[in-house]
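Structure first, commentary second.
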Amino acid sequence: MIFLILTAFAAIALIVAPISALVYLGKAWKLPNSLFWKAGLSMIMMEIFYLAAVGNATSLWPQVFESSDLIRILIVAASTGLIFELGRFFVLDRLFKSVRSIRGSVFFALGWSGVETMMLGFFLLVSIFGMYFVLNNGSFSSIMPNATTQEIAQLEDVKIQAMELIQGNPLLAVAPVIERGARALIDMAMTLLIVLTFIRGEQRYAWYAVGARATVTFILLYVNMLNPLAALCLFIAAGAGALLLCVKLKALFPKQAV
């Protein structure tokens with residue numbers, strides 16, 4: 001039960017935190033709320049494109065993706081850096097030409113990751129109710145008389161997996177909050193790098209973003225494969241590192257680009 005309660009709090013936090021940032025910073029910095037929502041929509045479209053590209057590559061070359069976990073993680077990390085950061089470059093270059101300041105970049109980054117975070121929080125809440133129903137159901141055959149034997153067996157497997165999950169380490173319940181918080185900070189740093197590309201006219205900042213995103217993704221995926229709790233600690237370190245990078249990048253912006 002503690003796991004479910006912590007998960008519920010985590011889901012609510014994932015919804016409330018981005019909305020709070022939207023309301024407070026939008027008002028304090030006098031930025032349009034549409035920037036937040038449009039950035040988030042752009043991110044979702046990028047996610048759809050990414051999933052389609054990787055999904056097609058997996059079906060076309062299954063022997064490559066199934067050869068080893070290391071190769072699969074390398075491909076995912078490289079494609080993540082290229083597609084998402086070059087995609088961020090394209091979006092900021094073509095659709096958000098007004099975002100050329102630190103505050104605008106931070107607000108854009110919050111929307112870029114925040115809208116998806118709110119969606120994740122909503123689906124997490126739905127999954128909690130589903131998990132609660134599964135765990136507190138005595139017999140699936142009695143409430144689903146028309147279900148086949150195979151369907152009943154699948155539901156029983158889900159119930160066993162749910163029991164194993166909630167009896168595990170409670171820290172995993174708050175993992176989504178830590179992960180999404182770290183991702184938000186990483187997105188801020190990557191956005192500042194891309195915006196610096198336009199302000200300073202140097203393409204190397206965009207490639208720094210591609211390389212940094214690919215490297216961080218590879219390390220996090222690899223460690224998560226070995227130990228999820230270690231990956232959780234690594235997410236905290238990645239978020240702290242991204243925050244420090246944001247502070248350093250701020251000094252590279254012209255004083256008028258606040």
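Just remember, in the structure tokens the first chain shown is A, the second B, etc., residues are 1-based per chain, and ligands are 1-based in the order shown.
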Please report, as CSV, each residue of segment 172-202 of chain A lying at most 9 Å from segment 69-87 of chain A, together with the nearest pair of atoms and the separation in Å rounded to one decimal; use only C-alpha atoms, and order rows by chain and ascending residue number.
```
residue,atom,partner,partner_atom,distance
A:Met190,CA,A:Glu85,CA,7.5
A:Thr191,CA,A:Glu85,CA,8.5
A:Ile194,CA,A:Glu85,CA,8.0
```
Residue subset to file, keeping C-alpha atoms, as a compact mmCIF listing (two decimals), in the first residue's frame:
```
# COMPACT_ATOMS: atom_id res chain seq x y z
CA MET A 190 20.38 21.55 -24.23
CA THR A 191 18.04 24.40 -25.14
CA ILE A 194 20.97 25.39 -29.18
```
Inset, instruction - For Ser105 of chain A, list every protein, DNA or RNA residue within 12 Å, evaluated using only C-alpha atoms, and leave out those in the same chain fewer than 3 positions away; present the list as a ChimeraX atom specification. - result: /A:29,31,35-36,39,88,92,96-102,108-112,185,187-196,199,246,249-250,253,257-258
Please provide as a short mmCIF file (atom, residue, chain, number, x, y, z; two decimals) with N, CA, C and O atoms, in the first residue's frame all residues within 9 Å of Ile219 of chain A, with the sequence filter that same-chain residues fewer than 3 positions apart are discarded (counting only C-alpha atoms).
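Printed below is selection_14.cif as written:
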```
data_model
loop_
_atom_site.label_atom_id
_atom_site.label_comp_id
_atom_site.auth_asym_id
_atom_site.auth_seq_id
_atom_site.Cartn_x
_atom_site.Cartn_y
_atom_site.Cartn_z
N ALA A 77 21.00 5.57 -28.02
CA ALA A 77 21.63 6.80 -27.52
C ALA A 77 22.01 7.73 -28.66
O ALA A 77 21.75 8.94 -28.61
N ALA A 214 23.48 12.31 -26.33
CA ALA A 214 23.76 10.91 -26.66
C ALA A 214 24.57 10.24 -25.55
O ALA A 214 24.28 9.10 -25.16
N THR A 215 25.56 10.95 -25.02
CA THR A 215 26.42 10.38 -23.97
C THR A 215 25.63 10.12 -22.69
O THR A 215 25.73 9.03 -22.10
N VAL A 216 24.84 11.10 -22.27
CA VAL A 216 24.05 10.95 -21.04
C VAL A 216 23.03 9.82 -21.20
O VAL A 216 22.84 9.01 -20.30
N TYR A 222 22.52 2.23 -19.88
CA TYR A 222 23.40 1.12 -19.54
C TYR A 222 23.36 0.81 -18.05
O TYR A 222 23.25 -0.36 -17.64
N VAL A 223 23.41 1.86 -17.23
CA VAL A 223 23.38 1.66 -15.78
C VAL A 223 22.01 1.13 -15.35
O VAL A 223 21.92 0.27 -14.47
N ASN A 224 20.95 1.63 -15.97
CA ASN A 224 19.61 1.16 -15.63
C ASN A 224 19.44 -0.33 -15.93
O ASN A 224 18.72 -1.04 -15.22
N ALA A 231 20.81 3.73 -11.34
CA ALA A 231 20.42 4.65 -12.41
C ALA A 231 19.66 5.84 -11.84
O ALA A 231 19.80 6.97 -12.32
N LEU A 234 22.08 8.15 -10.53
CA LEU A 234 22.76 8.77 -11.66
C LEU A 234 21.91 9.87 -12.28
O LEU A 234 22.43 10.87 -12.77
#
```
Inset, instruction - State, in Å with one decimal place, the distance from atom CA of Gly40 of chain A to atom CA of Ala175 of chain A. - result: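 If I compute the distance from atom CA of Gly40 of chain A to atom CA of Ala175 of chain A, I get 21.7 Å.
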Inset, instruction - Enumerate as an MDAnalysis selection string all residues of segment 53-139 of chain A assigned to helix (DSSP H, G or I) by DSSP on the backbone, naming them with the chain letters and numbers the document uses. - result: chainID A and resid 53:60 62:65 69:94 102:135
